[in-house]
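input-v5.cif follows (mmCIF, C-alpha atoms):
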data_protein
loop_
_atom_site.group_PDB
_atom_site.id
_atom_site.type_symbol
_atom_site.label_atom_id
_atom_site.label_comp_id
_atom_site.auth_asym_id
_atom_site.auth_seq_id
_atom_site.Cartn_x
_atom_site.Cartn_y
_atom_site.Cartn_z
ATOM 1 C CA MET A 1 -10.734 -46.048 9.323
ATOM 2 C CA GLY A 2 -8.227 -44.373 11.639
ATOM 3 C CA THR A 3 -5.029 -42.855 10.362
ATOM 4 C CA GLY A 4 -3.062 -43.188 13.571
ATOM 5 C CA VAL A 5 -2.517 -39.431 13.560
ATOM 6 C CA ALA A 6 -4.557 -37.032 15.659
ATOM 7 C CA PRO A 7 -6.368 -34.319 13.672
ATOM 8 C CA PRO A 8 -5.223 -30.743 14.152
ATOM 9 C CA PRO A 9 -7.173 -28.893 16.841
ATOM 10 C CA LEU A 10 -10.133 -26.755 15.874
ATOM 11 C CA ARG A 11 -9.382 -23.045 16.193
ATOM 12 C CA PRO A 12 -12.711 -21.216 16.388
ATOM 13 C CA GLY A 13 -12.543 -17.725 14.951
ATOM 14 C CA LYS A 14 -9.210 -18.219 13.195
ATOM 15 C CA PHE A 15 -10.765 -18.356 9.728
ATOM 16 C CA SER A 16 -13.178 -15.443 10.136
ATOM 17 C CA GLU A 17 -10.712 -13.191 11.963
ATOM 18 C CA ASN A 18 -7.963 -13.472 9.389
ATOM 19 C CA PHE A 19 -9.759 -14.333 6.174
ATOM 20 C CA ASN A 20 -9.344 -10.939 4.507
ATOM 21 C CA SER A 21 -5.640 -10.673 5.257
ATOM 22 C CA GLU A 22 -4.646 -14.334 4.891
ATOM 23 C CA PRO A 23 -7.418 -16.015 2.894
ATOM 24 C CA VAL A 24 -5.419 -18.845 1.360
ATOM 25 C CA ALA A 25 -3.541 -19.852 4.510
ATOM 26 C CA CYS A 26 -6.636 -19.632 6.684
ATOM 27 C CA CYS A 27 -8.788 -21.501 4.169
ATOM 28 C CA GLN A 28 -6.236 -24.293 4.023
ATOM 29 C CA ALA A 29 -5.707 -24.546 7.783
ATOM 30 C CA TYR A 30 -9.331 -24.376 8.774
ATOM 31 C CA THR A 31 -10.638 -26.559 5.984
ATOM 32 C CA LEU A 32 -7.930 -29.165 6.617
ATOM 33 C CA THR A 33 -9.218 -29.473 10.177
ATOM 34 C CA LEU A 34 -12.782 -29.848 8.921
ATOM 35 C CA PHE A 35 -11.741 -32.444 6.347
ATOM 36 C CA TRP A 36 -10.253 -34.540 9.144
ATOM 37 C CA ARG A 37 -13.593 -34.476 10.934
ATOM 38 C CA THR A 38 -16.388 -33.781 8.402
ATOM 39 C CA PRO A 39 -15.158 -33.623 4.796
ATOM 40 C CA LYS A 40 -18.496 -32.568 3.282
ATOM 41 C CA ILE A 41 -18.974 -29.698 5.730
ATOM 42 C CA GLY A 42 -15.392 -28.627 5.148
ATOM 43 C CA ARG A 43 -15.939 -28.402 1.410
ATOM 44 C CA LEU A 44 -19.126 -26.391 1.862
ATOM 45 C CA ILE A 45 -17.496 -23.898 4.204
ATOM 46 C CA MET A 46 -14.511 -23.586 1.874
ATOM 47 C CA ARG A 47 -16.777 -22.873 -1.078
ATOM 48 C CA ASP A 48 -18.871 -20.336 0.842
ATOM 49 C CA ALA A 49 -15.740 -18.524 1.934
ATOM 50 C CA MET A 50 -14.345 -18.545 -1.601
ATOM 51 C CA ARG A 51 -17.650 -17.228 -2.938
ATOM 52 C CA GLU A 52 -17.524 -14.337 -0.475
ATOM 53 C CA GLN A 53 -13.964 -13.529 -1.438
ATOM 54 C CA ILE A 54 -14.768 -13.701 -5.165
ATOM 55 C CA THR A 55 -17.657 -11.307 -4.636
ATOM 56 C CA ALA A 56 -15.452 -8.918 -2.664
ATOM 57 C CA ILE A 57 -12.790 -8.929 -5.402
ATOM 58 C CA PHE A 58 -15.329 -8.260 -8.155
ATOM 59 C CA GLU A 59 -16.959 -5.485 -6.154
ATOM 60 C CA ALA A 60 -13.597 -3.820 -5.466
ATOM 61 C CA SER A 61 -12.663 -3.995 -9.142
ATOM 62 C CA ILE A 62 -16.009 -2.548 -10.218
ATOM 63 C CA ALA A 63 -15.750 0.231 -7.624
ATOM 64 C CA ALA A 64 -12.289 1.238 -8.877
ATOM 65 C CA LYS A 65 -13.573 1.456 -12.435
ATOM 66 C CA GLN A 66 -16.699 3.384 -11.468
ATOM 67 C CA GLN A 67 -14.754 5.969 -9.491
ATOM 68 C CA PHE A 68 -12.293 6.399 -12.349
ATOM 69 C CA LEU A 69 -15.200 6.986 -14.721
ATOM 70 C CA GLN A 70 -16.758 9.564 -12.407
ATOM 71 C CA THR A 71 -13.569 11.534 -11.754
ATOM 72 C CA HIS A 72 -11.320 11.040 -14.783
ATOM 73 C CA SER A 73 -13.518 10.730 -17.868
ATOM 74 C CA ASP A 74 -12.446 14.178 -19.132
ATOM 75 C CA ALA A 75 -8.787 13.245 -18.704
ATOM 76 C CA LEU A 76 -9.405 10.028 -20.652
ATOM 77 C CA ILE A 77 -11.049 11.994 -23.469
ATOM 78 C CA GLN A 78 -8.070 14.353 -23.653
ATOM 79 C CA ALA A 79 -5.607 11.450 -23.647
ATOM 80 C CA THR A 80 -7.517 9.748 -26.454
ATOM 81 C CA GLU A 81 -7.506 12.959 -28.481
ATOM 82 C CA ALA A 82 -3.740 13.116 -28.044
ATOM 83 C CA VAL A 83 -3.411 9.557 -29.394
ATOM 84 C CA VAL A 84 -5.609 10.429 -32.381
ATOM 85 C CA LYS A 85 -3.552 13.556 -33.077
ATOM 86 C CA SER A 86 -0.336 11.533 -33.047
ATOM 87 C CA ILE A 87 -1.736 8.937 -35.451
ATOM 88 C CA ARG A 88 -3.087 11.611 -37.815
ATOM 89 C CA THR A 89 0.289 13.361 -38.000
ATOM 90 C CA GLY A 90 2.139 10.133 -38.780
ATOM 91 C CA GLY A 91 3.377 9.445 -35.272
ATOM 92 C CA LYS A 92 3.568 6.157 -33.470
ATOM 93 C CA ILE A 93 2.596 4.963 -30.002
ATOM 94 C CA LEU A 94 5.378 3.853 -27.653
ATOM 95 C CA LEU A 95 4.250 1.792 -24.647
ATOM 96 C CA PHE A 96 6.224 0.575 -21.659
ATOM 97 C CA GLY A 97 5.907 -0.700 -18.093
ATOM 98 C CA ASN A 98 7.354 -3.256 -15.685
ATOM 99 C CA GLY A 99 5.995 -6.691 -14.774
ATOM 100 C CA GLY A 100 2.237 -6.864 -15.224
ATOM 101 C CA SER A 101 2.331 -3.367 -16.678
ATOM 102 C CA ALA A 102 4.770 -4.641 -19.317
ATOM 103 C CA ALA A 103 2.163 -7.236 -20.279
ATOM 104 C CA ASP A 104 -0.460 -4.476 -20.476
ATOM 105 C CA ALA A 105 1.844 -2.439 -22.723
ATOM 106 C CA GLN A 106 2.224 -5.392 -25.091
ATOM 107 C CA HIS A 107 -1.501 -6.118 -25.027
ATOM 108 C CA ILE A 108 -2.466 -2.554 -25.951
ATOM 109 C CA ALA A 109 0.237 -2.307 -28.616
ATOM 110 C CA ALA A 110 -1.113 -5.474 -30.240
ATOM 111 C CA GLU A 111 -4.625 -4.011 -30.352
ATOM 112 C CA PHE A 112 -3.299 -1.071 -32.376
ATOM 113 C CA VAL A 113 -0.962 -3.010 -34.671
ATOM 114 C CA ASN A 114 -3.409 -5.780 -35.567
ATOM 115 C CA ARG A 115 -6.914 -4.453 -34.935
ATOM 116 C CA TYR A 116 -9.296 -3.917 -32.057
ATOM 117 C CA LEU A 117 -12.856 -4.884 -33.060
ATOM 118 C CA VAL A 118 -13.265 -3.487 -36.555
ATOM 119 C CA GLU A 119 -11.394 -3.952 -39.805
ATOM 120 C CA ARG A 120 -9.037 -1.010 -40.251
ATOM 121 C CA PRO A 121 -5.448 -0.364 -41.302
ATOM 122 C CA PRO A 122 -2.749 -1.363 -38.816
ATOM 123 C CA LEU A 123 -1.648 1.485 -36.550
ATOM 124 C CA ALA A 124 1.976 2.055 -35.559
ATOM 125 C CA ALA A 125 2.540 1.012 -31.942
ATOM 126 C CA ILE A 126 5.611 -0.461 -30.273
ATOM 127 C CA ALA A 127 5.861 -2.060 -26.840
ATOM 128 C CA LEU A 128 9.345 -1.325 -25.512
ATOM 129 C CA THR A 129 9.172 -4.461 -23.364
ATOM 130 C CA THR A 130 9.551 -7.168 -26.006
ATOM 131 C CA ASP A 131 13.034 -6.950 -27.568
ATOM 132 C CA THR A 132 15.022 -9.167 -25.219
ATOM 133 C CA SER A 133 18.321 -8.389 -26.919
ATOM 134 C CA ALA A 134 17.852 -4.644 -26.524
ATOM 135 C CA LEU A 135 16.520 -5.004 -22.976
ATOM 136 C CA THR A 136 19.309 -7.248 -21.733
ATOM 137 C CA SER A 137 22.121 -5.354 -23.467
ATOM 138 C CA ILE A 138 20.954 -2.026 -22.035
ATOM 139 C CA ILE A 139 20.607 -3.516 -18.550
ATOM 140 C CA ASN A 140 24.001 -5.191 -18.851
ATOM 141 C CA ASP A 141 25.826 -2.081 -20.092
ATOM 142 C CA TYR A 142 23.938 0.737 -18.378
ATOM 143 C CA GLY A 143 21.600 -0.741 -15.774
ATOM 144 C CA PRO A 144 17.813 -0.998 -15.509
ATOM 145 C CA LEU A 145 17.274 2.754 -15.142
ATOM 146 C CA ASP A 146 17.859 3.315 -18.869
ATOM 147 C CA VAL A 147 16.068 0.221 -20.186
ATOM 148 C CA PHE A 148 13.226 2.265 -21.731
ATOM 149 C CA ALA A 149 14.951 5.644 -21.960
ATOM 150 C CA LYS A 150 17.553 4.463 -24.480
ATOM 151 C CA GLN A 151 14.907 2.876 -26.691
ATOM 152 C CA ILE A 152 12.974 6.143 -26.697
ATOM 153 C CA GLN A 153 16.153 8.016 -27.573
ATOM 154 C CA ALA A 154 16.539 5.679 -30.551
ATOM 155 C CA LEU A 155 12.918 5.594 -31.708
ATOM 156 C CA GLY A 156 11.097 8.647 -30.369
ATOM 157 C CA LYS A 157 10.061 11.555 -32.620
ATOM 158 C CA PRO A 158 8.120 14.747 -31.802
ATOM 159 C CA ASP A 159 4.900 13.453 -33.421
ATOM 160 C CA ASP A 160 4.950 10.273 -31.325
ATOM 161 C CA ILE A 161 3.070 9.648 -28.107
ATOM 162 C CA ALA A 162 4.228 7.481 -25.209
ATOM 163 C CA ILE A 163 1.962 5.535 -22.870
ATOM 164 C CA ALA A 164 3.797 4.822 -19.620
ATOM 165 C CA ILE A 165 2.273 2.349 -17.176
ATOM 166 C CA SER A 166 3.218 2.173 -13.493
ATOM 167 C CA THR A 167 0.755 1.175 -10.778
ATOM 168 C CA SER A 168 2.718 3.140 -8.157
ATOM 169 C CA GLY A 169 3.790 6.026 -10.370
ATOM 170 C CA ASN A 170 7.264 5.798 -8.856
ATOM 171 C CA SER A 171 9.153 3.290 -11.014
ATOM 172 C CA PRO A 172 12.565 4.899 -11.644
ATOM 173 C CA ASN A 173 12.994 3.538 -15.174
ATOM 174 C CA ILE A 174 9.508 4.776 -16.122
ATOM 175 C CA LEU A 175 10.200 8.277 -14.800
ATOM 176 C CA ARG A 176 13.581 8.340 -16.549
ATOM 177 C CA ALA A 177 11.913 7.369 -19.839
ATOM 178 C CA LEU A 178 9.353 10.156 -19.373
ATOM 179 C CA GLU A 179 12.165 12.654 -18.868
ATOM 180 C CA VAL A 180 13.603 11.598 -22.229
ATOM 181 C CA CYS A 181 10.170 11.941 -23.847
ATOM 182 C CA ARG A 182 10.003 15.531 -22.623
ATOM 183 C CA GLU A 183 13.498 16.247 -23.973
ATOM 184 C CA LEU A 184 12.509 14.893 -27.399
ATOM 185 C CA GLY A 185 9.081 16.532 -27.541
ATOM 186 C CA VAL A 186 7.222 13.216 -27.369
ATOM 187 C CA SER A 187 3.734 13.603 -25.851
ATOM 188 C CA THR A 188 3.041 11.428 -22.832
ATOM 189 C CA ILE A 189 0.162 9.605 -21.145
ATOM 190 C CA GLY A 190 0.701 8.067 -17.722
ATOM 191 C CA LEU A 191 -1.380 5.226 -16.296
ATOM 192 C CA THR A 192 -0.968 4.914 -12.549
ATOM 193 C CA GLY A 193 -2.962 4.388 -9.352
ATOM 194 C CA GLY A 194 -3.372 5.306 -5.718
ATOM 195 C CA SER A 195 -1.843 8.695 -5.017
ATOM 196 C CA GLY A 196 -0.249 8.716 -8.476
ATOM 197 C CA GLY A 197 3.242 8.860 -7.042
ATOM 198 C CA GLU A 198 5.656 11.097 -8.915
ATOM 199 C CA MET A 199 4.250 10.334 -12.353
ATOM 200 C CA PRO A 200 1.746 13.239 -12.656
ATOM 201 C CA ALA A 201 4.622 15.734 -12.729
ATOM 202 C CA TYR A 202 6.216 13.891 -15.659
ATOM 203 C CA VAL A 203 3.292 13.415 -18.066
ATOM 204 C CA ASP A 204 0.993 15.524 -20.229
ATOM 205 C CA HIS A 205 -2.051 13.369 -19.408
ATOM 206 C CA CYS A 206 -2.331 11.444 -16.135
ATOM 207 C CA LEU A 207 -4.895 8.646 -15.858
ATOM 208 C CA CYS A 208 -4.805 7.660 -12.189
ATOM 209 C CA VAL A 209 -6.899 4.878 -10.669
ATOM 210 C CA SER A 210 -7.155 6.798 -7.420
ATOM 211 C CA ALA A 211 -9.813 4.618 -5.771
ATOM 212 C CA THR A 212 -7.287 2.008 -4.686
ATOM 213 C CA SER A 213 -3.607 1.302 -4.145
ATOM 214 C CA VAL A 214 -4.084 -2.462 -4.609
ATOM 215 C CA THR A 215 -1.991 -3.430 -7.634
ATOM 216 C CA PRO A 216 -4.336 -5.977 -9.291
ATOM 217 C CA ARG A 217 -7.349 -3.659 -8.987
ATOM 218 C CA ILE A 218 -5.316 -0.863 -10.608
ATOM 219 C CA GLN A 219 -4.128 -3.167 -13.401
ATOM 220 C CA GLU A 220 -7.681 -4.332 -14.107
ATOM 221 C CA THR A 221 -8.710 -0.715 -14.614
ATOM 222 C CA HIS A 222 -5.614 0.044 -16.691
ATOM 223 C CA ILE A 223 -6.476 -2.586 -19.277
ATOM 224 C CA LEU A 224 -10.033 -1.257 -19.464
ATOM 225 C CA ILE A 225 -8.608 2.238 -20.046
ATOM 226 C CA GLY A 226 -6.429 0.827 -22.830
ATOM 227 C CA HIS A 227 -9.424 -0.845 -24.439
ATOM 228 C CA VAL A 228 -11.477 2.358 -24.214
ATOM 229 C CA ILE A 229 -8.726 4.306 -25.973
ATOM 230 C CA CYS A 230 -8.535 1.656 -28.713
ATOM 231 C CA GLU A 231 -12.292 1.708 -29.225
ATOM 232 C CA LEU A 232 -12.504 5.497 -29.321
ATOM 233 C CA VAL A 233 -9.626 5.662 -31.800
ATOM 234 C CA ASP A 234 -11.503 3.241 -34.065
ATOM 235 C CA HIS A 235 -14.645 5.368 -33.785
ATOM 236 C CA ILE A 236 -12.925 8.727 -34.382
ATOM 237 C CA LEU A 237 -10.641 7.661 -37.220
ATOM 238 C CA TYR A 238 -12.761 5.036 -38.914
ATOM 239 C CA GLY A 239 -16.339 5.849 -37.920
ATOM 240 C CA GLU A 240 -16.968 2.593 -36.138
ATOM 241 C CA GLY A 241 -18.692 2.432 -32.760
ATOM 242 C CA ILE A 242 -18.793 -0.893 -30.935
ATOM 243 C CA ALA A 243 -20.652 -0.471 -27.647
#
As structure tokens, please, write out the structure in this file.
Amino acid sequence: MGTGVAPPPLRPGKFSENFNSEPVACCQAYTLTLFWRTPKIGRLIMRDAMREQITAIFEASIAAKQQFLQTHSDALIQATEAVVKSIRTGGKILLFGNGGSAADAQHIAAEFVNRYLVERPPLAAIALTTDTSALTSIINDYGPLDVFAKQIQALGKPDDIAIAISTSGNSPNILRALEVCRELGVSTIGLTGGSGGEMPAYVDHCLCVSATSVTPRIQETHILIGHVICELVDHILYGEGIA
């Protein structure tokens, strides 16, 4: 049955030429044209293209993790040892980041405070991204640069360790917080990606996902790094191996 409206013209090559850079827009435009003409073929092409993109995303994520393992496993061991040392001396873990990295900070903190995979005592960890009253009052009175720095000034002690998360390594409020950690004698671990940005100069242990500068691929590796630290802490302090 006709619609009274002419279908959009076919644009050969548009989908394949631009799929990697504009997958959603190209999928929609090209598949819409195919739906006008041959709905079943359009769905099949859409699914094949999505399958290719899914595979590419998984492969990129796996590659980032594999390269990190090959080049930074010693740094991860040293960072984990620093966390264990802090816990053994009665210190706490302070975690912070912006956006998705804030969510990662909260996720990792929860693994320590509750448990990871084995029954063990709760471990002291605080995500500096969760107290909305503190966050908004600091931003209102002093600006976003000090949003984590002032909390560290209030809570940080020399036996503590901070885990700072920034995919670029250049977030001003993260670097400012790391400066305060150094002033207070708080040990620091930095999770970053790409070139590492400025962060390596500010931290005691830098864990850089150097295989990529794509934010989601870096974040996917960051949460794996956080889980590895949690699992190793369980094994070292409580004699439980999971893998």
(request) Run the PyMOL selection byres ((chain A and resi 218-231) around 10) mentally over the shown coordinates, then write out the matched residues as a PyMOL selection string, using the chain letters and numbers from the document. (result) chain A and resi 61-66+68-69+76-77+79-81+83-84+100-101+103-105+107-109+111-112+115-118+163+165-168+191-194+207-217+232-236+240-243
(request) For the structure provided, state which residues fall under the PyMOL selection byres ((chain A and resi 146-158) around 8), and present them as a PyMOL selection string. (result) chain A and resi 91+94+96+128+135+138-139+142-145+159-160+173-174+176-178+180-181+184-187
(request) Write out as a PyMOL selection string which residues come within 7 Å of Asn170 in chain A when counting only C-alpha atoms, dropping same-chain ones fewer than 4 positions away. (result) chain A and resi 197-199
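Across the structure, CA of Pro122 in chain A and CA of Ser86 in chain A are spaced 14.3 Å apart.
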(message) What's the separation between CA of Ala134 in chain A and CA of Ile87 in chain A, in Å to one decimal place?
(response) 25.5 Å
Give me the box for range 76-90 of chain A as lines of an AutoDock Vina configuration file, namely the centre and edge lengths in Å to one decimal of a box along x, y and z that holds every listed atom plus 4 Å on each side.
center_x = -4.5
center_y = 11.6
center_z = -29.7
size_x = 21.2
size_y = 13.4
size_z = 26.1
(request) Quote the spacing between CA of Gln53 in chain A and CA of Gln67 in chain A in Å to one decimal place. (result)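 It comes out at 21.1 Å.
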